Amino acid sequence: MAKPLPPLSLYIHTPWCVRKCPYCDFNSHEPQSQTLPEAAYLDALLKDLDGDLALAAGREIHTIFIGGGTPSLLSPAFYQRLFKEIQRRLAFSSTIEITLEANPGTTEQERFIGYREAGINRLSLGTQSFQPAQLEALGRIHGAGDAISAVGQARAAGFDNINIDLMHGLPGQTPELALADIDQALALKPDHLSWYQLTLEPNTAFHSQPPVLPEEEALWDIQEMGHQRLEQAGFSRYEISAYATRGRQSRHNLNYWQFGDYLGIGAGAHGKLTAIDSDGQWHIERRWKTRQPEAYLRRADDPRGFLAGKQPISLDELPLEFAMNALRLTEGVKLSTWSAHTGQAKEVLLARLQSALKKGLLMEMPEKLRASPQGLLFLNELLAMISDE
């Protein structure tokens with residue numbers, strides 16, 4: 001009997017933004033003209049997908065995530081045509097989750113209606129803050145009123161699964177301002193909240209010209225009080241930076257964190273695919289596509305296709321690759337997930353965890369891989385120990 005492969009998702013990247021935010025290290029680019037090349041990009045995405053269909057091997061797609069950049073810059077008609085064509089090529093689960101990232105400064109009622117008609121059933125609104133000074137410091141193009149209006153418009157358009165992205169540890173932010181952001185978000189009754197700390201990433205404007213951020217003690221206060229406020233409001237923390245109401249966890253992100261597979265199409269998109277050969281050996285590979293939008297569009301007529309690179313994950317690297325994702329989940333994962341998603345006996349993983357277990361960074365659970373509360377606080381140190389074993 002053939003071994004089952006991990007669940008399969010699809011990631012679609014949209015590389016354009018109205019303006020590049022100073023903290024952003026994603027593959028996002030300000031467009032060279034006011035009119036985006038929607039038709040050309042749609043054709044390229046479908047050709048990109050066609051080149052990867054053999055990797056899907058007839059598997060069902062459980063989730064789709066459209067990230068960016070700013071996917072809401074593209075029209076509803078673009079997504080309606082895109083998903084019509086994708087469904088001709090891939091089988092969708094009957095309960096498929098399809099998420100679109102949206103910037104509150106680029107949305108309106110009719111666009112939300114069109115996105116919903118295209119089959120998109122989950123929205124992730126990049127709000128980041130409701131405070132004018134913080135939004136200005138972050139280079140956002142929207143105001144607090146835009147974010148509030150966007151949630152109402154999305155609800156009216158029929159969206160019943162909405163995430164709000166919030167950041168904390170922002171320039172000039174006090175614990176009181178951070179809690180005010182959470183309270184305003186909660187007042188909008190979202191189904192999911194992504195609440196993560198601003199970090200100064202390489203190759204960003206903030207990295208080369210760092211803003212003044214809150215002191216370490218204030219950051220700890222923000223995190224502690226914020227966690228309490230969200231839990232009191234009925235949001236369960238299921239990942240380091242993710243909170244959800246009952247049954248509203250991001251299924252797409254859960255597939256990443258549980259080491260599932262995903263196709264990646266679009267400029268700079270990444271994928272992870274598993275194959276099992278005729279001898280029953282597992283082969284896991286990471287793949288990535290041409291990054292620059294103009295170069296990506298030119299690849300549509302290039303016999304080399306869109307692939308920019310690929311890298312197999314060696315057996316020695318697998319424990320760390322798996323742990324980097326699984327240990328972000330506050331409840332961890334069943335150890336059986338390791339075998340089901342890597343083809344390796346759980347003893348291979350357990351051998352790499354001994355030092356971390358002895359230091360109390362992992363929970364002593366015979367059937368589960370789960371970071372202790374201390375391990376969640378010092379996840380990088382925990383992963384370094386697994387890497388060094």
# chains A, B, ... in the order shown; residues from 1 in each chain; ligands from 1
$ residues_around --residues "A:Ala205" --least-positions-apart "3" --cutoff "7 Å" --atoms "only C-alpha atoms" --output "ChimeraX atom specification"
/A:22-23,208-209
$ residues_around --residues "A:Leu46" --least-positions-apart "2" --cutoff "8 Å" --atoms "only C-alpha atoms" --output "count of residues only"
9
$ select_by_dssp --residues "stretch 128-326 of chain A" --states "strand (DSSP E)" --output "MDAnalysis selection string"
chainID A and resid 128 162:168 192:197 236:239 242:244 261:265 270:276 282:289 307:312
$ residues_around --residues "stretch 167-170 of chain A" --least-positions-apart "6" --cutoff "6 Å" --atoms "only C-alpha atoms" --output "MDAnalysis selection string"
chainID A and resid 128 195:198
$ atom_distance --atom1 "atom CA of A:Asp165" --atom2 "atom CA of A:Gln374"
25.4 Å
$ select_by_dssp --residues "stretch 199-319 of chain A" --states "alpha helix (DSSP H)" --output "mmCIF file with C-alpha atoms, in the first residue's frame"
data_model
loop_
_atom_site.group_PDB
_atom_site.id
_atom_site.type_symbol
_atom_site.label_atom_id
_atom_site.label_comp_id
_atom_site.auth_asym_id
_atom_site.auth_seq_id
_atom_site.Cartn_x
_atom_site.Cartn_y
_atom_site.Cartn_z
ATOM 1 C CA ALA A 205 15.223 50.751 5.742
ATOM 2 C CA PHE A 206 14.746 50.231 9.487
ATOM 3 C CA HIS A 207 17.849 48.042 9.620
ATOM 4 C CA SER A 208 20.060 50.671 7.999
ATOM 5 C CA GLU A 216 13.393 45.642 26.983
ATOM 6 C CA GLU A 217 11.352 45.975 30.173
ATOM 7 C CA ALA A 218 8.537 47.740 28.324
ATOM 8 C CA LEU A 219 8.561 45.011 25.658
ATOM 9 C CA TRP A 220 8.124 42.316 28.313
ATOM 10 C CA ASP A 221 5.257 44.298 29.865
ATOM 11 C CA ILE A 222 3.589 44.673 26.463
ATOM 12 C CA GLN A 223 3.840 40.966 25.752
ATOM 13 C CA GLU A 224 2.587 39.859 29.163
ATOM 14 C CA MET A 225 -0.344 42.278 29.310
ATOM 15 C CA GLY A 226 -1.238 41.694 25.671
ATOM 16 C CA HIS A 227 -1.360 37.917 26.085
ATOM 17 C CA GLN A 228 -3.615 38.284 29.116
ATOM 18 C CA ARG A 229 -5.958 40.709 27.360
ATOM 19 C CA LEU A 230 -6.376 38.436 24.348
ATOM 20 C CA GLU A 231 -6.966 35.323 26.419
ATOM 21 C CA GLN A 232 -9.526 37.154 28.551
ATOM 22 C CA ARG A 251 -5.336 26.151 8.496
ATOM 23 C CA HIS A 252 -2.830 27.265 5.859
ATOM 24 C CA ASN A 253 -0.268 28.356 8.441
ATOM 25 C CA LEU A 254 -0.932 25.239 10.490
ATOM 26 C CA ASN A 255 0.083 23.204 7.443
ATOM 27 C CA TYR A 256 3.403 25.085 7.347
ATOM 28 C CA TRP A 257 4.005 24.610 11.070
ATOM 29 C CA PRO A 293 8.503 40.897 -11.049
ATOM 30 C CA GLU A 294 9.816 41.997 -14.446
ATOM 31 C CA ALA A 295 12.176 39.013 -14.675
ATOM 32 C CA TYR A 296 9.367 36.698 -13.592
ATOM 33 C CA LEU A 297 7.113 37.992 -16.375
ATOM 34 C CA ARG A 298 9.879 37.480 -18.943
ATOM 35 C CA LEU A 318 15.308 17.178 8.713
ATOM 36 C CA PRO A 319 15.100 17.318 12.542
#
$ residues_around --residues "A:Leu5" --least-positions-apart "5" --cutoff "9 Å" --atoms "only C-alpha atoms" --output "ChimeraX atom specification"
/A:59,260-261,274-276,340-342
$ closest_residue --among "A:Thr107, A:Leu349, A:Ser28, A:Ala326" --to "A:Leu379" --atoms "only C-alpha atoms"
A:Ala326
$ atom_distance --atom1 "atom CA of A:Leu382" --atom2 "atom CA of A:Glu285"
24.3 Å
$ closest_residue --among "A:Gly266, A:Gly139, A:Gly158, A:Pro104" --to "A:Lys47" --atoms "only C-alpha atoms"
A:Gly266
$ closest_residue --among "A:Phe83, A:Pro312, A:Ala300, A:Leu45" --to "A:Arg287" --atoms "only C-alpha atoms"
A:Pro312
$ closest_residue --among "A:Ile240, A:Leu10, A:Ala156, A:Ala356" --to "A:Leu327" --atoms "only C-alpha atoms"
A:Ile240
$ closest_residue --among "A:Gly343, A:Gly375, A:Gly114, A:Gly264" --to "A:Leu55" --atoms "only C-alpha atoms"
A:Gly264
$ residues_around --residues "stretch 366-368 of chain A" --least-positions-apart "4" --cutoff "8 Å" --atoms "only C-alpha atoms" --output "list in words"
Gly332, Val333, Lys334, Leu335 and Ser336 of chain A
$ write_last_selection --atoms "N, CA and C atoms" --output "mmCIF file, in the first residue's frame"
data_model
loop_
_atom_site.group_PDB
_atom_site.id
_atom_site.type_symbol
_atom_site.label_atom_id
_atom_site.label_comp_id
_atom_site.auth_asym_id
_atom_site.auth_seq_id
_atom_site.Cartn_x
_atom_site.Cartn_y
_atom_site.Cartn_z
ATOM 1 N N GLY A 332 2.411 22.185 20.460
ATOM 2 C CA GLY A 332 3.322 21.262 19.802
ATOM 3 C C GLY A 332 2.610 20.400 18.770
ATOM 4 N N VAL A 333 3.231 19.286 18.417
ATOM 5 C CA VAL A 333 2.644 18.338 17.470
ATOM 6 C C VAL A 333 2.845 16.924 17.992
ATOM 7 N N LYS A 334 1.999 16.031 17.544
ATOM 8 C CA LYS A 334 2.180 14.625 17.882
ATOM 9 C C LYS A 334 3.461 14.111 17.226
ATOM 10 N N LEU A 335 4.189 13.282 17.927
ATOM 11 C CA LEU A 335 5.409 12.716 17.343
ATOM 12 C C LEU A 335 5.107 11.880 16.109
ATOM 13 N N SER A 336 3.882 11.363 16.017
ATOM 14 C CA SER A 336 3.509 10.610 14.829
ATOM 15 C C SER A 336 3.520 11.489 13.585
#
$ closest_residue --among "A:Ile96, A:Leu73, A:Ala371, A:Ala308" --to "A:Glu60" --atoms "only C-alpha atoms"
A:Ile96
$ residues_around --residues "A:Arg352" --least-positions-apart "6" --cutoff "9 Å" --atoms "only C-alpha atoms" --output "mmCIF file with N, CA and C atoms, in the first residue's frame"
data_model
loop_
_atom_site.group_PDB
_atom_site.id
_atom_site.type_symbol
_atom_site.label_atom_id
_atom_site.label_comp_id
_atom_site.auth_asym_id
_atom_site.auth_seq_id
_atom_site.Cartn_x
_atom_site.Cartn_y
_atom_site.Cartn_z
ATOM 1 N N PRO A 319 15.572 17.018 11.182
ATOM 2 C CA PRO A 319 15.100 17.318 12.542
ATOM 3 C C PRO A 319 14.956 18.814 12.810
ATOM 4 N N LEU A 320 15.948 19.609 12.411
ATOM 5 C CA LEU A 320 15.869 21.044 12.649
ATOM 6 C C LEU A 320 14.779 21.668 11.795
ATOM 7 N N MET A 385 20.199 24.344 19.932
ATOM 8 C CA MET A 385 20.602 23.107 20.601
ATOM 9 C C MET A 385 20.259 21.903 19.732
ATOM 10 N N ILE A 386 19.099 21.940 19.100
ATOM 11 C CA ILE A 386 18.712 20.836 18.218
ATOM 12 C C ILE A 386 19.643 20.766 17.008
ATOM 13 N N SER A 387 20.012 21.934 16.510
ATOM 14 C CA SER A 387 20.899 21.993 15.347
ATOM 15 C C SER A 387 22.283 21.445 15.676
ATOM 16 N N ASP A 388 22.741 21.689 16.923
ATOM 17 C CA ASP A 388 24.107 21.312 17.296
ATOM 18 C C ASP A 388 24.239 19.840 17.712
ATOM 19 N N GLU A 389 23.119 19.173 17.937
ATOM 20 C CA GLU A 389 23.196 17.777 18.411
ATOM 21 C C GLU A 389 23.949 16.896 17.402
#
$ decode --residues "stretch 259-379 of chain A" --atoms "C-alpha atoms" --output "JSON list (two decimals), in the first residue's frame"
[["chain", "number", "residue", "atom", "x", "y", "z"],
["A", 259, "PHE", "CA", 5.61, 20.44, 8.07],
["A", 260, "GLY", "CA", 3.03, 19.89, 5.35],
["A", 261, "ASP", "CA", 3.69, 20.40, 1.65],
["A", 262, "TYR", "CA", 2.92, 23.45, -0.48],
["A", 263, "LEU", "CA", 3.29, 24.55, -4.06],
["A", 264, "GLY", "CA", 4.50, 28.14, -4.53],
["A", 265, "ILE", "CA", 3.70, 30.19, -7.63],
["A", 266, "GLY", "CA", 4.39, 33.84, -8.36],
["A", 267, "ALA", "CA", 7.45, 36.09, -8.21],
["A", 268, "GLY", "CA", 9.74, 34.86, -5.43],
["A", 269, "ALA", "CA", 7.28, 32.23, -4.17],
["A", 270, "HIS", "CA", 8.66, 29.29, -2.20],
["A", 271, "GLY", "CA", 7.41, 25.71, -2.09],
["A", 272, "LYS", "CA", 8.15, 22.49, -0.21],
["A", 273, "LEU", "CA", 7.33, 19.15, -1.81],
["A", 274, "THR", "CA", 7.62, 15.53, -0.77],
["A", 275, "ALA", "CA", 7.98, 12.56, -3.11],
["A", 276, "ILE", "CA", 8.29, 8.85, -2.40],
["A", 277, "ASP", "CA", 10.26, 6.80, -4.91],
["A", 278, "SER", "CA", 9.61, 3.23, -6.03],
["A", 279, "ASP", "CA", 11.84, 1.92, -3.23],
["A", 280, "GLY", "CA", 9.75, 3.72, -0.61],
["A", 281, "GLN", "CA", 12.41, 6.37, 0.06],
["A", 282, "TRP", "CA", 11.20, 9.85, 0.96],
["A", 283, "HIS", "CA", 12.63, 12.91, -0.81],
["A", 284, "ILE", "CA", 11.80, 16.40, 0.51],
["A", 285, "GLU", "CA", 12.79, 19.47, -1.48],
["A", 286, "ARG", "CA", 12.47, 23.22, -1.16],
["A", 287, "ARG", "CA", 11.92, 25.22, -4.37],
["A", 288, "TRP", "CA", 11.76, 28.93, -5.17],
["A", 289, "LYS", "CA", 10.80, 31.02, -8.17],
["A", 290, "THR", "CA", 12.34, 34.01, -9.97],
["A", 291, "ARG", "CA", 12.13, 36.96, -7.58],
["A", 292, "GLN", "CA", 11.97, 40.24, -9.52],
["A", 293, "PRO", "CA", 8.50, 40.90, -11.05],
["A", 294, "GLU", "CA", 9.82, 42.00, -14.45],
["A", 295, "ALA", "CA", 12.18, 39.01, -14.68],
["A", 296, "TYR", "CA", 9.37, 36.70, -13.59],
["A", 297, "LEU", "CA", 7.11, 37.99, -16.38],
["A", 298, "ARG", "CA", 9.88, 37.48, -18.94],
["A", 299, "ARG", "CA", 10.20, 33.86, -17.82],
["A", 300, "ALA", "CA", 6.69, 33.18, -19.17],
["A", 301, "ASP", "CA", 8.28, 32.87, -22.63],
["A", 302, "ASP", "CA", 11.48, 31.23, -21.44],
["A", 303, "PRO", "CA", 11.85, 27.46, -21.90],
["A", 304, "ARG", "CA", 13.70, 27.35, -18.56],
["A", 305, "GLY", "CA", 10.44, 28.20, -16.81],
["A", 306, "PHE", "CA", 10.12, 30.10, -13.54],
["A", 307, "LEU", "CA", 12.22, 28.01, -11.18],
["A", 308, "ALA", "CA", 15.14, 29.97, -9.70],
["A", 309, "GLY", "CA", 16.47, 27.22, -7.46],
["A", 310, "LYS", "CA", 15.79, 24.05, -5.53],
["A", 311, "GLN", "CA", 17.44, 22.36, -2.58],
["A", 312, "PRO", "CA", 16.83, 18.90, -1.15],
["A", 313, "ILE", "CA", 16.50, 18.69, 2.63],
["A", 314, "SER", "CA", 19.06, 16.15, 3.77],
["A", 315, "LEU", "CA", 18.28, 13.54, 6.40],
["A", 316, "ASP", "CA", 20.66, 15.33, 8.76],
["A", 317, "GLU", "CA", 18.80, 18.62, 8.29],
["A", 318, "LEU", "CA", 15.31, 17.18, 8.71],
["A", 319, "PRO", "CA", 15.10, 17.32, 12.54],
["A", 320, "LEU", "CA", 15.87, 21.04, 12.65],
["A", 321, "GLU", "CA", 13.65, 21.82, 9.65],
["A", 322, "PHE", "CA", 10.76, 20.03, 11.30],
["A", 323, "ALA", "CA", 11.37, 21.54, 14.76],
["A", 324, "MET", "CA", 11.68, 25.11, 13.41],
["A", 325, "ASN", "CA", 8.04, 24.90, 12.42],
["A", 326, "ALA", "CA", 6.48, 22.50, 14.93],
["A", 327, "LEU", "CA", 7.90, 24.18, 18.04],
["A", 328, "ARG", "CA", 6.19, 27.47, 17.16],
["A", 329, "LEU", "CA", 2.88, 25.82, 18.05],
["A", 330, "THR", "CA", 2.03, 26.28, 21.72],
["A", 331, "GLU", "CA", 0.53, 22.77, 21.89],
["A", 332, "GLY", "CA", 3.32, 21.26, 19.80],
["A", 333, "VAL", "CA", 2.64, 18.34, 17.47],
["A", 334, "LYS", "CA", 2.18, 14.63, 17.88],
["A", 335, "LEU", "CA", 5.41, 12.72, 17.34],
["A", 336, "SER", "CA", 3.51, 10.61, 14.83],
["A", 337, "THR", "CA", 3.42, 13.74, 12.63],
["A", 338, "TRP", "CA", 7.20, 13.51, 12.31],
["A", 339, "SER", "CA", 7.02, 10.03, 10.80],
["A", 340, "ALA", "CA", 3.97, 10.80, 8.68],
["A", 341, "HIS", "CA", 5.56, 13.92, 7.18],
["A", 342, "THR", "CA", 9.20, 12.81, 6.85],
["A", 343, "GLY", "CA", 9.13, 9.03, 6.45],
["A", 344, "GLN", "CA", 11.58, 8.73, 9.38],
["A", 345, "ALA", "CA", 11.20, 6.81, 12.64],
["A", 346, "LYS", "CA", 10.53, 9.10, 15.61],
["A", 347, "GLU", "CA", 13.73, 7.88, 17.28],
["A", 348, "VAL", "CA", 15.70, 9.90, 14.69],
["A", 349, "LEU", "CA", 14.11, 13.08, 15.98],
["A", 350, "LEU", "CA", 14.22, 12.11, 19.65],
["A", 351, "ALA", "CA", 17.98, 11.59, 19.45],
["A", 352, "ARG", "CA", 18.36, 15.28, 18.52],
["A", 353, "LEU", "CA", 16.24, 16.49, 21.44],
["A", 354, "GLN", "CA", 18.03, 15.01, 24.43],
["A", 355, "SER", "CA", 19.98, 18.10, 25.54],
["A", 356, "ALA", "CA", 16.94, 20.34, 25.22],
["A", 357, "LEU", "CA", 14.88, 17.90, 27.26],
["A", 358, "LYS", "CA", 17.50, 17.81, 30.00],
["A", 359, "LYS", "CA", 17.58, 21.62, 30.15],
["A", 360, "GLY", "CA", 13.80, 21.84, 30.51],
["A", 361, "LEU", "CA", 13.20, 23.58, 27.16],
["A", 362, "LEU", "CA", 10.93, 20.77, 26.00],
["A", 363, "MET", "CA", 7.98, 19.18, 27.77],
["A", 364, "GLU", "CA", 8.44, 15.60, 28.94],
["A", 365, "MET", "CA", 5.64, 14.10, 26.83],
["A", 366, "PRO", "CA", 6.08, 10.60, 25.36],
["A", 367, "GLU", "CA", 3.86, 11.11, 22.31],
["A", 368, "LYS", "CA", 4.33, 14.82, 21.67],
["A", 369, "LEU", "CA", 6.96, 17.37, 20.66],
["A", 370, "ARG", "CA", 6.16, 20.54, 22.59],
["A", 371, "ALA", "CA", 8.25, 23.44, 23.84],
["A", 372, "SER", "CA", 8.02, 24.24, 27.55],
["A", 373, "PRO", "CA", 6.96, 27.78, 28.54],
["A", 374, "GLN", "CA", 10.69, 28.52, 28.94],
["A", 375, "GLY", "CA", 11.40, 26.99, 25.52],
["A", 376, "LEU", "CA", 8.81, 29.24, 23.86],
["A", 377, "LEU", "CA", 10.48, 32.28, 25.40],
["A", 378, "PHE", "CA", 13.90, 31.21, 24.12],
["A", 379, "LEU", "CA", 12.98, 29.41, 20.92]]
